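> Handing you this structure, nothing more for now.
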There are 2 protein chains.
Amino acid sequence: MPGPWWEQACAQPSARHAALARARQQRLTKPPGSLGQLEQVAVQLAALQGCERPRLDRVWISVFAADHGIAAEGVSAFPQSVTAAMVRNFAAGGAAISVLAREIGAQLEVVDLGTVMDPGELPGVRRARIAAGTANFLDAPAMSRDQLEQALTSGAASVARARAWNAALFIGGEMGIGNTTSAAALGCALLRAAPTELVGPGTGVDARGLERKRAVVERALRAHAQRRSPLELLAALGGFEIAALTGSCIAAAQAGLPVLVDGFIATAAALYAVHLNPGCRPWLLFAHRSHEPGHRRLLQALEAEPLMDLGLRLGEGSGAAVAVPLLRLACSLHAGMATFEEAGVSDGSRA
Amino acid sequence: MPGPWWEQACAQPSARHAALARARQQRLTKPPGSLGQLEQVAVQLAALQGCERPRLDRVWISVFAADHGIAAEGVSAFPQSVTAAMVRNFAAGGAAISVLAREIGAQLEVVDLGTVMDPGELPGVRRARIAAGTANFLDAPAMSRDQLEQALTSGAASVARARAWNAALFIGGEMGIGNTTSAAALGCALLRAAPTELVGPGTGVDARGLERKRAVVERALRAHAQRRSPLELLAALGGFEIAALTGSCIAAAQAGLPVLVDGFIATAAALYAVHLNPGCRPWLLFAHRSHEPGHRRLLQALEAEPLMDLGLRLGEGSGAAVAVPLLRLACSLHAGMATFEEAGVSDGSRA
């Protein structure tokens, strides 16, 4: 009997195309290495796309929205009704990710996995509601095993739509009041880190709110201390949107579609993806280091070097969308610059 | 008798439009501050453009090229002929800045201020040759006072062309084998810093080359130790392209045109601009922190917080060009996002 879909093998990056791209970078009319991370990312994309000169014309963004039972503990600066209100804002084009998707020419879909207030049918919003939010994970697992599978598979379904649309890059975003608390608890449980390392102000709780949030995560870690496997922990402490992001990372890697990971929540989801299926790690690029302090710890655990550090802490996939022009410019420079031979410029080897 | 043009007053940013933009950022559907530096830069551009919702459709790039007498001391990994060869590469469209200008839709002009090998007439290259390179500043000032004025004024002439083209942003780039040595010497002299703080590998000299470069800067600082004023130092240790960049910063600020400053060389030029005319500082935005180690020190002296840290060290204005999409997205988010009232989303004040 085969294991679940998320344990199936991921695609293999092309070492041959990475080598070709690396050699090309050495011949372009610039001091070797002088384009820094833009060179590295061009080489990485060459390996992932299996071609010497990668392109990122078609970018797909799925924003997964869901509510969190843990919000009842007063861990957010915003009321829970904001999750559904923001789903409406995504659909109406007024949210940050809506503006960014338009500006970078990306295809945006919003997936409602279960908000407390049902926003109803909305153009551009896919209904895939699992429940009206997760359970409060202080008392019980946030979701059942069946709900977890539904959420993971929703992420895979988004990847399937992205592939059908011929996407060259997948971005997963999230919206869910309370989800920095869930992500912090997930990170602590998997990395055996202290809540002080991973709990931060999120959307902007004050010092008292931060204390409350830390206490909530501590209690949750104690309540679920007997759980060990990433799958159990994801069900116990996760959110529908976080599990969907985890599923999307794995499904994209299985399909050979590069993923640009956003901030704190998306990185927590990516960490679980890598623990569930280590073969997905090469397919993950990291857009930015969030202002949320725990993000640094999650990035370290993934040995990830993000492209930007702009103090962003908005979520929705917004940081990843902002980084898309940098990736595209990396590809354009890689493909469009003249080589030393073509330009008749000395490469310095006779200097 | 009026002083020289570069001492004339700079334009004043609009505090009123900064306040309007700041207030707007607080009303957009996101946690306040969650767009980090993208919020700050939108507010800054609102002040500089004197409108609540700034735009950066039209971007102008002038790349100033010139050779350096100090190259005779073996301070570069590349032969001096590369300066003129790269001017040809700029014109032919094969250089990094050529690719970037195309991709971001910027207007690119190349200004030949004096390479050792005259590249002749080339399409897209403006001939403004002052001399076939500067003098070796170990023995004598790099340029005369008259040559310095010509270089400063060439920078101002580029700004005048950018304004006539209705540019919303000015980027100055540079090409000149040996110019990290000149920029390091300029920085040390003005900041009274040790060569170890500001001399780095540039295009990529090895450890011995780096030692030689440091020794050259030390000797130059001793040779010109009696000079004090920024103008004298710029003539003594500068390059034509560096002085042109200095002139462009001041002329742009006088005209009310924002400048996006590139890397190590451009920042050294900006530092001199601010010392010659402190009123130009508000008009300078900083694109990135270069891999060249001395850049950090120059940015500190200017109290500048650059947008990116991608390990770039190419020059040509390339780092600034790469940052343009980030500035544009900052403007788009600022102008295009819905407010809490418009979207019917709670701003959290009742949470």
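Chains: A, B, ... in order of the structure tokens. Residues: from 1 per chain. Ligands: from 1, in order shown.
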Per residue of chain B within 8 Å of chain A, note the shortest atom pair and the distance in Å to one decimal, counting only C-alpha atoms, and order the rows by chain and increasing residue number, as JSON lines.


{"residue": "B:Thr29", "atom": "CA", "partner": "A:Ala95", "partner_atom": "CA", "distance": 6.3}
{"residue": "B:Lys30", "atom": "CA", "partner": "A:Leu314", "partner_atom": "CA", "distance": 6.7}
{"residue": "B:Pro31", "atom": "CA", "partner": "A:Thr203", "partner_atom": "CA", "distance": 5.6}
{"residue": "B:Ser34", "atom": "CA", "partner": "A:Arg313", "partner_atom": "CA", "distance": 4.8}
{"residue": "B:Leu35", "atom": "CA", "partner": "A:Leu312", "partner_atom": "CA", "distance": 4.8}
{"residue": "B:Gly36", "atom": "CA", "partner": "A:Gly311", "partner_atom": "CA", "distance": 4.4}
{"residue": "B:Gln37", "atom": "CA", "partner": "A:Leu310", "partner_atom": "CA", "distance": 5.4}
{"residue": "B:Leu38", "atom": "CA", "partner": "A:Leu310", "partner_atom": "CA", "distance": 7.2}
{"residue": "B:Ala77", "atom": "CA", "partner": "A:Gly348", "partner_atom": "CA", "distance": 6.0}
{"residue": "B:Phe78", "atom": "CA", "partner": "A:Gly348", "partner_atom": "CA", "distance": 4.4}
{"residue": "B:Pro79", "atom": "CA", "partner": "A:Ala351", "partner_atom": "CA", "distance": 5.0}
{"residue": "B:Val82", "atom": "CA", "partner": "A:Val345", "partner_atom": "CA", "distance": 6.2}
{"residue": "B:Ala85", "atom": "CA", "partner": "A:Val345", "partner_atom": "CA", "distance": 5.6}
{"residue": "B:Met86", "atom": "CA", "partner": "A:Val345", "partner_atom": "CA", "distance": 6.9}
{"residue": "B:Arg88", "atom": "CA", "partner": "A:Ala343", "partner_atom": "CA", "distance": 8.0}
{"residue": "B:Asn89", "atom": "CA", "partner": "A:Ala343", "partner_atom": "CA", "distance": 6.0}
{"residue": "B:Gly93", "atom": "CA", "partner": "A:Met337", "partner_atom": "CA", "distance": 7.8}
{"residue": "B:Gly94", "atom": "CA", "partner": "A:Ala338", "partner_atom": "CA", "distance": 4.4}
{"residue": "B:Ala95", "atom": "CA", "partner": "A:Met337", "partner_atom": "CA", "distance": 5.6}
{"residue": "B:Ala96", "atom": "CA", "partner": "A:Met337", "partner_atom": "CA", "distance": 6.0}
{"residue": "B:Val99", "atom": "CA", "partner": "A:Leu333", "partner_atom": "CA", "distance": 6.2}
{"residue": "B:Leu100", "atom": "CA", "partner": "A:Leu329", "partner_atom": "CA", "distance": 7.1}
{"residue": "B:Glu103", "atom": "CA", "partner": "A:Leu329", "partner_atom": "CA", "distance": 7.3}
{"residue": "B:Thr203", "atom": "CA", "partner": "A:Pro31", "partner_atom": "CA", "distance": 5.6}
{"residue": "B:Gly204", "atom": "CA", "partner": "A:Pro31", "partner_atom": "CA", "distance": 7.0}
{"residue": "B:His291", "atom": "CA", "partner": "A:Gly36", "partner_atom": "CA", "distance": 7.9}
{"residue": "B:Leu307", "atom": "CA", "partner": "A:Leu310", "partner_atom": "CA", "distance": 6.6}
{"residue": "B:Met308", "atom": "CA", "partner": "A:Met308", "partner_atom": "CA", "distance": 6.1}
{"residue": "B:Asp309", "atom": "CA", "partner": "A:Met308", "partner_atom": "CA", "distance": 6.9}
{"residue": "B:Leu310", "atom": "CA", "partner": "A:Gln37", "partner_atom": "CA", "distance": 5.4}
{"residue": "B:Gly311", "atom": "CA", "partner": "A:Gly36", "partner_atom": "CA", "distance": 4.4}
{"residue": "B:Leu312", "atom": "CA", "partner": "A:Leu35", "partner_atom": "CA", "distance": 4.8}
{"residue": "B:Arg313", "atom": "CA", "partner": "A:Ser34", "partner_atom": "CA", "distance": 4.8}
{"residue": "B:Leu314", "atom": "CA", "partner": "A:Ser34", "partner_atom": "CA", "distance": 5.1}
{"residue": "B:Val322", "atom": "CA", "partner": "A:Leu326", "partner_atom": "CA", "distance": 6.8}
{"residue": "B:Pro325", "atom": "CA", "partner": "A:Pro325", "partner_atom": "CA", "distance": 6.4}
{"residue": "B:Leu326", "atom": "CA", "partner": "A:Val322", "partner_atom": "CA", "distance": 6.8}
{"residue": "B:Leu329", "atom": "CA", "partner": "A:Leu100", "partner_atom": "CA", "distance": 7.0}
{"residue": "B:Ser332", "atom": "CA", "partner": "A:Val99", "partner_atom": "CA", "distance": 7.0}
{"residue": "B:Leu333", "atom": "CA", "partner": "A:Val99", "partner_atom": "CA", "distance": 6.2}
{"residue": "B:Gly336", "atom": "CA", "partner": "A:Val99", "partner_atom": "CA", "distance": 6.2}
{"residue": "B:Met337", "atom": "CA", "partner": "A:Gly94", "partner_atom": "CA", "distance": 4.7}
{"residue": "B:Ala338", "atom": "CA", "partner": "A:Gly94", "partner_atom": "CA", "distance": 4.4}
{"residue": "B:Thr339", "atom": "CA", "partner": "A:Gly94", "partner_atom": "CA", "distance": 7.9}
{"residue": "B:Ala343", "atom": "CA", "partner": "A:Asn89", "partner_atom": "CA", "distance": 6.0}
{"residue": "B:Gly344", "atom": "CA", "partner": "A:Ala85", "partner_atom": "CA", "distance": 7.1}
{"residue": "B:Val345", "atom": "CA", "partner": "A:Ala85", "partner_atom": "CA", "distance": 5.6}
{"residue": "B:Ser346", "atom": "CA", "partner": "A:Val82", "partner_atom": "CA", "distance": 6.4}
{"residue": "B:Asp347", "atom": "CA", "partner": "A:Phe78", "partner_atom": "CA", "distance": 7.2}
{"residue": "B:Gly348", "atom": "CA", "partner": "A:Phe78", "partner_atom": "CA", "distance": 4.4}
{"residue": "B:Ser349", "atom": "CA", "partner": "A:Phe78", "partner_atom": "CA", "distance": 7.7}
{"residue": "B:Arg350", "atom": "CA", "partner": "A:Pro79", "partner_atom": "CA", "distance": 7.7}
{"residue": "B:Ala351", "atom": "CA", "partner": "A:Pro79", "partner_atom": "CA", "distance": 5.0}

> When you look at A:Ala225 with a cut-off of 12 Å (counting only C-alpha atoms), what residues show up, excluding the ones that are within fewer than 6 positions of it in the same chain? I need them as a list in words.

Leu138, Pro141, Ala185, Leu186, Cys188, Ala189, Leu190, Arg192, Val217, Glu218, Arg219, Glu232, Leu233, Ala236 and Leu237 of chain A

> May I have the selected residues written with N, CA and C atoms, as a PDB file, in the first residue's frame?


ATOM      1  N   LEU A 138      -5.900  25.064  22.888  1.00  0.00           N
ATOM      2  CA  LEU A 138      -5.599  24.913  24.317  1.00  0.00           C
ATOM      3  C   LEU A 138      -6.316  23.699  24.900  1.00  0.00           C
ATOM      4  N   PRO A 141      -6.992  19.210  19.915  1.00  0.00           N
ATOM      5  CA  PRO A 141      -6.300  19.467  18.657  1.00  0.00           C
ATOM      6  C   PRO A 141      -7.074  20.512  17.840  1.00  0.00           C
ATOM      7  N   ALA A 185       3.541  28.357  17.822  1.00  0.00           N
ATOM      8  CA  ALA A 185       3.401  27.084  18.539  1.00  0.00           C
ATOM      9  C   ALA A 185       3.938  25.936  17.682  1.00  0.00           C
ATOM     10  N   LEU A 186       3.624  25.952  16.402  1.00  0.00           N
ATOM     11  CA  LEU A 186       4.119  24.914  15.487  1.00  0.00           C
ATOM     12  C   LEU A 186       5.644  24.903  15.453  1.00  0.00           C
ATOM     13  N   CYS A 188       7.791  26.142  17.703  1.00  0.00           N
ATOM     14  CA  CYS A 188       8.341  25.722  18.998  1.00  0.00           C
ATOM     15  C   CYS A 188       8.291  24.203  19.139  1.00  0.00           C
ATOM     16  N   ALA A 189       7.162  23.619  18.750  1.00  0.00           N
ATOM     17  CA  ALA A 189       6.990  22.182  18.954  1.00  0.00           C
ATOM     18  C   ALA A 189       7.973  21.391  18.094  1.00  0.00           C
ATOM     19  N   LEU A 190       8.158  21.815  16.868  1.00  0.00           N
ATOM     20  CA  LEU A 190       9.016  21.046  15.965  1.00  0.00           C
ATOM     21  C   LEU A 190      10.492  21.272  16.266  1.00  0.00           C
ATOM     22  N   ARG A 192      11.681  22.391  19.139  1.00  0.00           N
ATOM     23  CA  ARG A 192      11.909  22.354  20.593  1.00  0.00           C
ATOM     24  C   ARG A 192      12.507  23.671  21.060  1.00  0.00           C
ATOM     25  N   VAL A 217       0.945  29.992  24.204  1.00  0.00           N
ATOM     26  CA  VAL A 217       1.778  29.013  23.490  1.00  0.00           C
ATOM     27  C   VAL A 217       2.396  28.031  24.473  1.00  0.00           C
ATOM     28  N   GLU A 218       2.830  28.520  25.631  1.00  0.00           N
ATOM     29  CA  GLU A 218       3.385  27.608  26.647  1.00  0.00           C
ATOM     30  C   GLU A 218       2.361  26.565  27.082  1.00  0.00           C
ATOM     31  N   ARG A 219       1.152  27.042  27.360  1.00  0.00           N
ATOM     32  CA  ARG A 219       0.102  26.105  27.789  1.00  0.00           C
ATOM     33  C   ARG A 219      -0.198  25.096  26.684  1.00  0.00           C
ATOM     34  N   GLU A 232       1.051  14.948  13.352  1.00  0.00           N
ATOM     35  CA  GLU A 232       0.257  15.120  14.576  1.00  0.00           C
ATOM     36  C   GLU A 232       0.316  16.564  15.066  1.00  0.00           C
ATOM     37  N   LEU A 233       1.516  17.129  15.041  1.00  0.00           N
ATOM     38  CA  LEU A 233       1.675  18.497  15.542  1.00  0.00           C
ATOM     39  C   LEU A 233       0.929  19.498  14.660  1.00  0.00           C
ATOM     40  N   ALA A 236      -2.562  19.332  15.554  1.00  0.00           N
ATOM     41  CA  ALA A 236      -2.827  19.784  16.922  1.00  0.00           C
ATOM     42  C   ALA A 236      -2.757  21.297  17.052  1.00  0.00           C
ATOM     43  N   LEU A 237      -1.785  21.907  16.392  1.00  0.00           N
ATOM     44  CA  LEU A 237      -1.474  23.327  16.632  1.00  0.00           C
ATOM     45  C   LEU A 237      -1.674  24.201  15.397  1.00  0.00           C
TER      46      LEU A 237
END

> Would you give me, as a list of chain:residue names, the residues in stretch 84-251 of chain A that DSSP reads as strand (DSSP E or B)?

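Here is the list: A:Gln107, A:Leu108, A:Glu109, A:Val110, A:Val111, A:Asp112, A:Leu113, A:Gly114, A:Val125, A:Arg126, A:Arg127, A:Leu169, A:Phe170, A:Ile171, A:Gly172, A:Gly173, A:Glu174, A:Met175.
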
> Would you mind exporting the chosen residues as a CSV table (one decimal), in the first residue's frame, restricted to all heavy atoms?


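After the write, out_20.csv holds the following:
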chain,number,residue,atom,x,y,z
A,107,GLN,N,-1.4,35.8,-11.4
A,107,GLN,CA,-2.8,35.3,-11.3
A,107,GLN,C,-3.0,35.0,-9.8
A,107,GLN,O,-2.3,34.3,-9.1
A,107,GLN,CB,-2.8,34.0,-12.0
A,107,GLN,CG,-4.2,33.3,-12.1
A,107,GLN,CD,-5.2,34.1,-12.9
A,107,GLN,OE1,-4.8,34.8,-13.8
A,107,GLN,NE2,-6.5,33.9,-12.6
A,108,LEU,N,-4.1,35.7,-9.3
A,108,LEU,CA,-4.4,35.6,-7.8
A,108,LEU,C,-5.7,34.8,-7.6
A,108,LEU,O,-6.7,35.1,-8.2
A,108,LEU,CB,-4.6,37.0,-7.2
A,108,LEU,CG,-5.1,37.1,-5.8
A,108,LEU,CD1,-4.0,36.5,-4.8
A,108,LEU,CD2,-5.4,38.5,-5.4
A,109,GLU,N,-5.6,33.7,-6.8
A,109,GLU,CA,-6.8,33.1,-6.3
A,109,GLU,C,-6.9,33.1,-4.8
A,109,GLU,O,-5.8,33.1,-4.1
A,109,GLU,CB,-6.9,31.6,-6.8
A,109,GLU,CG,-6.0,30.7,-6.1
A,109,GLU,CD,-6.4,29.2,-6.3
A,109,GLU,OE1,-7.2,28.8,-7.2
A,109,GLU,OE2,-5.9,28.4,-5.5
A,110,VAL,N,-8.1,33.3,-4.3
A,110,VAL,CA,-8.3,33.3,-2.8
A,110,VAL,C,-9.0,32.0,-2.5
A,110,VAL,O,-10.0,31.7,-3.2
A,110,VAL,CB,-9.0,34.5,-2.4
A,110,VAL,CG1,-9.2,34.6,-0.9
A,110,VAL,CG2,-8.3,35.8,-2.9
A,111,VAL,N,-8.6,31.3,-1.5
A,111,VAL,CA,-9.2,30.0,-1.1
A,111,VAL,C,-9.7,30.2,0.3
A,111,VAL,O,-8.9,30.4,1.3
A,111,VAL,CB,-8.3,28.8,-1.2
A,111,VAL,CG1,-9.0,27.5,-0.9
A,111,VAL,CG2,-7.6,28.8,-2.6
A,112,ASP,N,-11.1,30.1,0.5
A,112,ASP,CA,-11.7,30.2,1.8
A,112,ASP,C,-11.7,28.8,2.4
A,112,ASP,O,-12.5,28.0,1.9
A,112,ASP,CB,-13.1,30.8,1.7
A,112,ASP,CG,-13.8,30.8,3.0
A,112,ASP,OD1,-13.2,30.4,4.1
A,112,ASP,OD2,-15.0,31.1,3.0
A,113,LEU,N,-10.9,28.5,3.3
A,113,LEU,CA,-10.8,27.2,4.0
A,113,LEU,C,-11.7,27.1,5.2
A,113,LEU,O,-11.7,26.1,5.9
A,113,LEU,CB,-9.4,26.8,4.3
A,113,LEU,CG,-8.5,26.6,3.0
A,113,LEU,CD1,-7.0,26.5,3.4
A,113,LEU,CD2,-8.9,25.4,2.3
A,114,GLY,N,-12.3,28.2,5.6
A,114,GLY,CA,-13.1,28.2,6.8
A,114,GLY,C,-12.9,29.4,7.7
A,114,GLY,O,-12.1,29.3,8.6
A,125,VAL,N,-13.0,34.1,-5.3
A,125,VAL,CA,-12.8,33.3,-4.1
A,125,VAL,C,-13.3,31.9,-4.2
A,125,VAL,O,-14.5,31.7,-4.6
A,125,VAL,CB,-13.5,34.0,-2.9
A,125,VAL,CG1,-13.3,33.2,-1.6
A,125,VAL,CG2,-13.0,35.5,-2.7
A,126,ARG,N,-12.5,31.0,-4.0
A,126,ARG,CA,-12.8,29.6,-4.1
A,126,ARG,C,-13.3,29.1,-2.7
A,126,ARG,O,-12.6,29.2,-1.8
A,126,ARG,CB,-11.6,28.8,-4.6
A,126,ARG,CG,-11.9,27.3,-4.8
A,126,ARG,CD,-10.7,26.7,-5.5
A,126,ARG,NE,-10.6,27.1,-6.9
A,126,ARG,CZ,-11.2,26.5,-7.9
A,126,ARG,NH1,-11.9,25.4,-7.7
A,126,ARG,NH2,-11.1,26.9,-9.1
A,127,ARG,N,-14.5,28.5,-2.7
A,127,ARG,CA,-15.0,28.0,-1.4
A,127,ARG,C,-14.5,26.6,-1.2
A,127,ARG,O,-14.8,25.7,-2.0
A,127,ARG,CB,-16.5,28.0,-1.4
A,127,ARG,CG,-17.1,29.4,-1.2
A,127,ARG,CD,-18.6,29.4,-1.4
A,127,ARG,NE,-19.3,28.7,-0.3
A,127,ARG,CZ,-19.6,29.3,0.8
A,127,ARG,NH1,-19.2,30.5,1.1
A,127,ARG,NH2,-20.3,28.6,1.8
A,169,LEU,N,6.1,29.9,-11.3
A,169,LEU,CA,6.4,30.1,-9.9
A,169,LEU,C,5.1,30.1,-9.1
A,169,LEU,O,4.1,30.7,-9.5
A,169,LEU,CB,7.1,31.5,-9.7
A,169,LEU,CG,7.6,31.9,-8.3
A,169,LEU,CD1,8.9,31.1,-8.0
A,169,LEU,CD2,7.9,33.4,-8.2
A,170,PHE,N,5.2,29.5,-7.9
A,170,PHE,CA,4.0,29.4,-7.0
A,170,PHE,C,4.3,30.2,-5.8
A,170,PHE,O,5.3,30.0,-5.1
A,170,PHE,CB,3.7,28.0,-6.7
A,170,PHE,CG,2.4,27.8,-5.8
A,170,PHE,CD1,1.2,27.6,-6.4
A,170,PHE,CD2,2.5,27.8,-4.4
A,170,PHE,CE1,0.0,27.5,-5.6
A,170,PHE,CE2,1.4,27.7,-3.7
A,170,PHE,CZ,0.1,27.5,-4.3
A,171,ILE,N,3.3,31.1,-5.4
A,171,ILE,CA,3.4,31.8,-4.1
A,171,ILE,C,2.1,31.5,-3.3
A,171,ILE,O,1.0,31.5,-3.8
A,171,ILE,CB,3.4,33.4,-4.4
A,171,ILE,CG1,4.8,33.8,-5.0
A,171,ILE,CG2,3.2,34.1,-3.1
A,171,ILE,CD1,4.8,35.2,-5.4
A,172,GLY,N,2.4,31.1,-2.1
A,172,GLY,CA,1.3,30.8,-1.2
A,172,GLY,C,1.2,31.9,-0.1
A,172,GLY,O,2.2,32.2,0.5
A,173,GLY,N,0.0,32.5,0.0
A,173,GLY,CA,-0.2,33.6,1.1
A,173,GLY,C,-1.2,33.1,2.1
A,173,GLY,O,-1.9,32.0,1.9
A,174,GLU,N,-1.4,33.8,3.1
A,174,GLU,CA,-2.4,33.4,4.1
A,174,GLU,C,-3.0,34.6,4.8
A,174,GLU,O,-2.5,35.7,4.8
A,174,GLU,CB,-1.7,32.6,5.2
A,174,GLU,CG,-0.4,33.0,5.7
A,174,GLU,CD,-0.3,34.4,6.3
A,174,GLU,OE1,-1.2,34.7,7.1
A,174,GLU,OE2,0.7,35.1,5.9
A,175,MET,N,-4.2,34.4,5.3
A,175,MET,CA,-5.0,35.4,6.1
A,175,MET,C,-5.7,34.6,7.2
A,175,MET,O,-6.4,33.6,6.8
A,175,MET,CB,-6.0,36.1,5.2
A,175,MET,CG,-6.9,37.1,6.0
A,175,MET,SD,-5.9,38.5,6.6
A,175,MET,CE,-6.6,38.7,8.2

> Hey, what's within 7 Å of A:Glu52 if we count only C-alpha atoms and toss same-chain stuff fewer than 5 positions away? As an MDAnalysis selection string, please?

chainID A and resid 17 20:21 46

> For B:Val199, find every residue with an atom within 12 Å (counting only C-alpha atoms), except residues of its own chain fewer than 3 positions away, and show them as an NGL selection string.

:B and (75-76 or 178-188 or 193-196 or 202-205 or 207 or 209-218 or 264-265 or 292-298)

> Could you name the residues that touch B:Pro258 at 10 Å or less, counting only C-alpha atoms, but leaving out those on the same chain fewer than 5 positions away, as a list in words?

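The filter keeps Pro13, Gln44, Leu45, Leu48, Gln49, Ala167, Ala168, Leu169, Phe170, Ile171, Cys249, Ala252, Ala253, Cys280, Pro282, Trp283, Leu284 and Leu285 of chain B.
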
> If you run DSSP over the backbone, which residues in stretch 161-345 of chain B end up helix (DSSP H, G or I)? Put them as an MDAnalysis selection string.

chainID B and resid 161:164 179:191 195:198 207:223 230:237 240:255 264:276 278:283 295:301 318:336 340:343
